[in-house]
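To keep things clear, I will list the structure first and then write my remarks on it.
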Amino acid sequence: MNYNRSEVVDQNFLRILETWEDDPAAQPGALTPDDRLAPSSRLTGRVLLELFESQMASRHLDLVARKLRQLDRAFYTIGSSGHEGNVVVGRVSRHTDPAFLHYRSGALMIERARHLPAIDPIYDTTLSQVASAEDPISGGRHKVWGSKPLWILPQTSTIASHLPKSVGTAIAIWRAGKLQRELPIPSDSIAICSFGDASTNHSTAQGAFNLANWAQRRGWEVPILFVCEDNGIGISTDTPAGFIRESFSARPGLTYFGADGLDLVDAYEIAARAVDHARTTRRPAFLHLSVVRMLGHAGSDVEFEYHSEVEIELVEAEDPLLHTARLVLDAGLLTADQIRGRYEATRMRVQEAADRAVERPRLETKEQVMGPLAPYTPAAVTKEASRKSGVHVSLEAKPGRHLAALLNVGLHELMTKYPEAIVFGEDVAKKGGVYNVTTGLQGRFGPERVFDTLLDEQSILGLAQGAANMGFLPIPEIQYLAYFHNACDQIRGEASSLQYFSNDQYRNPMLLRMASLAYQRGFGGHFHNDNSITALRDIPGLVLACPSRGDDAIAMLRTCAALARVDGRIVAFLEPIALYMTKDLHEPKDGGWQFDPPAAEVAIPLGEGRVYRPEHRDLVIFTYGNGAYLSLRAARVLERQHGVRARIADLRWLNPLNRLFIAEQATQCGRVLIVDEGRRTGGLGEGIITAIAESCGPGLPVGRVCGEDTYIPLGPAAYSVLPSEGDIIREARALMGAEVAERRSSVRPLPLAAERGRRAAE
């Protein structure tokens with residue numbers, strides 16, 4: 001028993017050629033290269049030979065990857081062996097059709113490169129296999145299929161997570177036409193998305209198929225080709241026989257095309273029809289390509305643990321290269337010796353490329369690794385954020401100038417300033433959002449730029465990524481922070497990783513708005529009162545913004561949009577629900593939490609906090625969102641009743657944390673209180689404490705008031721697990737220790753005029 005199946009597969013192919021007996025009636029020249037292989041097929045002999053060449057290249061890339069891995073020179077062995085029938089999709093589509101490829105779509109990738117002869121897909125792939133910094137797509141960060149000139153956006157291996165954004169890209173192609181916006185690709189392009197049969201079971205995939213159907217029923221065009229490479233198994237779990245055909249052949253919204261990936265005559269014709277359908281009808285096509293999986297799931301997969309030797313040999317007997325060789329031989333296009341010669345020449349070409357690739361430099365420093373992750377050009381961002389839109393947005397019709405009203409003003413401004421901006425999400429159009437933040441936007445900017453989506457956060461974020469791919473500035477809304485967790489991987493695994501895995505060649509900028517955080521008077525339970533931002537802070541490169549007041553919100557929105565537009569950044573903008581309609585600060589009808597919109601050129605730079613009461617130095621309270629509001633109220637009590645003069649530092653930007661700002665404020669005051677409405681474990685407070693410890697050294701008194709490690713209950717009990725004004729006062733007094741008692745005896749009420757001045761300053 002030979003456990004080295006790559007060696008077996010290689011030798012099987014050569015042995016078949018050695019034992020092949022040429023048919024005298026089918027000598028070379030019996031079919032000319034320009035003849036069709038069959039009367040009903042568009043496939044000619046010349047094209048067949050080119051497809052065969054790409055298949056052989058894909059196979060040898062798989063073989064060399066395993067050899068290099070044994071030598072510890074390569075680091076990725078999931079190959080395309082058995083899937084080489086996907087080569088036809090690379091031929092019948094265009095290189096300007098945005099493609100999101102399955103990790104077994106190697107032959108498709110190589111054949112697509114034929115559209116641009118200057119590209120060497122063999123050398124490029126070996127550079128990727130050995131993680132060379134010269135890999136032209138990821139710069140050595142991952143083995144991915146991708147190419148900027150070939151419009152192949154790189155995907156990692158998160159299961160099915162690329163399907164929503166592929167549908168979003170198809171819809172964005174149509175939407176650009178509706179808005180008469182110029183596209184970076186031809187207007188009749190289609191999106192192409194390949195995946196395995198097992199991936200269709202994932203909720204992300206099902207959501208993408210549903211989105212495609214839903215969108216059509218809404219009258220939207222969805223020009224996409226889904227390519228299911230069905231090898232009948234997901235690692236070690238079989239896909240039931242006939243499952244894909246039964247699941248998709250009559251699925252609403254999809255036109256099904258079934259093809260045999262082992263027969264290039266059949267596969268070429270069916271694939272061409274599927275591409276034609278998507279391109280001409282602007283509706284989804286589903287190409288079900290039957291293939292086999294050879295060499296296990298990956299180099300580390302011991303297939304003998306779940307398949308017998310007989311089962312493995314039966315699959316290997318269906319090697320696509322053997323099937324294509326028989327087509328070529330039967331047609332008399334080449335002899336067996338000529339095929340063997342081409343096969344060995346391809347082996348030599350791949351080995352030579354690998355030998356060169358292993359000598360090329362790799363990433364060595366963290367700066368090199370992280371370079372494309374979170375680009376930031378402060379001067380350019382500031383200039384763009386401060387650029388006036390040229391249109392004044394009136395507040396006359398707004399019910400006050402609280403946070404929700406000023407957010408609405410800010411969105412009107414961004415939509416005016418950026419014609420490529422689009423706003424979408426659940427209930428954001430006619431209704432104007434659950435909290436009226438998007439009121440009036442659709443009426444002013446039209447239904448093509450402001451529209452409602454289906455109730456599926458993965459689809460919303462897929463639409464956003466697709467729109468960004470096509471040059472839009474998407475401003476999606478997730479209705480509540482808790483709902484984001486239904487689709488976190490669309491940001492973590494997909495959107496935020498694109499610049500990283502494409503070496504900043506592809507960008508999908510986004511300004512993601514979310515109604516967030518707690519203190520809603522006990523309403524809604526944990527799915528409306530969600531105080532967990534840990535999952536967001538853990539996403540590499542993601543900017544996390546959280547305004548506590550309306551004027552800050554507008555100035556921060558300007559910067560967020562500039563970050564997206566200038567540097568391609570993805571920004572999550574957390575809007576504290578409990579402060580949406582808040583008007584008063586200390587007393588009823590004092591209007592202390594209503595503000596005027598900032599001047600058009602005012603923007604708050606990334607990382608810049610707001611300091612209240614900067615002249616006070618007894619302690620500094622670091623906080624954000626609802627905590628800023630609560631801390632200001634608590635600070636007045638601390639000063640009036642206990643003589644404690646507290647400074648409030650509203651961080652405003654929660655990721656990345658401005659460590660210098662934190663250190664400066666902490667050092668100036670000498671005592672620190674952190675008010676974090678997030679949870680005790682994983683909350684922002686932990687990050688602030690770490691920043692202080694690393695920047696200021698030991699010995700600085702630090703206290704923390706935070707949410708408990710629990711879901712938030714319904715009703716008044718919610719306040720028992722969240723920070724309160726009383727908690728802030730108690731912890732501040734504890735930090736001050738004996739000084740509180742001494743100062744309390746000398747506290748005098750402020751004169752009325754001084755108190756009014758204090759309110760104005762706050």
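As shown in the structure tokens, the chain order sets the letters A, B, ...; within each chain, residues go from 1, and ligands are also counted from 1 in the order they appear.
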Write out as a PyMOL selection string which residues come within 12 Å of A:Ser80 when counting only C-alpha atoms, dropping same-chain ones fewer than 6 positions away. chain A and resi 54-63+65+86-87+101-110+145+196+229+231+291-299+319-321
Report as a VMD selection string all protein, DNA and RNA residues lying within 12 Å of A:Leu651, evaluated on only C-alpha atoms, omitting residues in the same chain fewer than 4 positions from it. chain A and resid 544 to 548 552 604 to 612 620 to 628 655 to 662 665 674 to 676 684 to 685 688
What's the separation between atom CA of A:Lys388 and atom CA of A:Arg558, in Å to one decimal place?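 Between atom CA of A:Lys388 and atom CA of A:Arg558 the gap works out to 9.8 Å.
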I want to know what sits within 7 Å of A:Val167, based on only C-alpha atoms, with residues of the same chain fewer than 2 positions away left out; could you give that as a PyMOL selection string? chain A and resi 163-165+169-171+208+212+224
Export of the given selection (N, CA and C atoms) as a PDB file, in the first residue's frame:
```
ATOM      1  N   LEU A 163     -19.622  34.174  -0.311  1.00  0.00           N
ATOM      2  CA  LEU A 163     -20.828  34.183  -1.149  1.00  0.00           C
ATOM      3  C   LEU A 163     -21.651  35.463  -1.005  1.00  0.00           C
ATOM      4  N   PRO A 164     -21.912  35.966   0.212  1.00  0.00           N
ATOM      5  CA  PRO A 164     -22.709  37.204   0.294  1.00  0.00           C
ATOM      6  C   PRO A 164     -22.083  38.370  -0.452  1.00  0.00           C
ATOM      7  N   LYS A 165     -20.772  38.540  -0.375  1.00  0.00           N
ATOM      8  CA  LYS A 165     -20.173  39.684  -1.057  1.00  0.00           C
ATOM      9  C   LYS A 165     -20.109  39.485  -2.567  1.00  0.00           C
ATOM     10  N   THR A 169     -21.658  42.151  -4.999  1.00  0.00           N
ATOM     11  CA  THR A 169     -20.933  42.719  -6.131  1.00  0.00           C
ATOM     12  C   THR A 169     -21.802  42.698  -7.385  1.00  0.00           C
ATOM     13  N   ALA A 170     -22.495  41.590  -7.612  1.00  0.00           N
ATOM     14  CA  ALA A 170     -23.375  41.505  -8.783  1.00  0.00           C
ATOM     15  C   ALA A 170     -24.457  42.582  -8.722  1.00  0.00           C
ATOM     16  N   ILE A 171     -25.066  42.749  -7.569  1.00  0.00           N
ATOM     17  CA  ILE A 171     -26.121  43.758  -7.425  1.00  0.00           C
ATOM     18  C   ILE A 171     -25.543  45.158  -7.598  1.00  0.00           C
ATOM     19  N   ALA A 208     -26.887  33.768   1.048  1.00  0.00           N
ATOM     20  CA  ALA A 208     -26.507  34.394  -0.219  1.00  0.00           C
ATOM     21  C   ALA A 208     -27.451  33.979  -1.346  1.00  0.00           C
ATOM     22  N   ALA A 212     -29.994  36.502  -3.407  1.00  0.00           N
ATOM     23  CA  ALA A 212     -30.083  36.597  -4.863  1.00  0.00           C
ATOM     24  C   ALA A 212     -31.533  36.496  -5.326  1.00  0.00           C
ATOM     25  N   ILE A 224     -24.873  36.991 -11.718  1.00  0.00           N
ATOM     26  CA  ILE A 224     -23.842  36.204 -11.041  1.00  0.00           C
ATOM     27  C   ILE A 224     -23.871  34.774 -11.536  1.00  0.00           C
TER      28      ILE A 224
END
```
Show which residues sit within 7 Å of stretch 406-423 of chain A, as a PyMOL selection string. Count only C-alpha atoms, and ignore same-chain residues fewer than 4 positions away. chain A and resi 389+393+401-402+437-438+441+449-451+472-476+550-551+553-554+557+597
Please identify all polymer residues within 7 Å of A:Asn469, counting only C-alpha atoms, omitting same-chain residues fewer than 3 positions from it, and present them as a list in words. Thr169, Gln465, Gly466 and Asn508 of chain A
At what distance in Å, to one decimal, does atom CA of A:Asp618 lie from atom CA of A:Met736? 7.8 Å
With only C-alpha atoms as the basis for distance, which of A:Ile16, A:Leu31, A:Val92, A:Ala118 is at the shortest distance from A:Ala325? A:Ile16
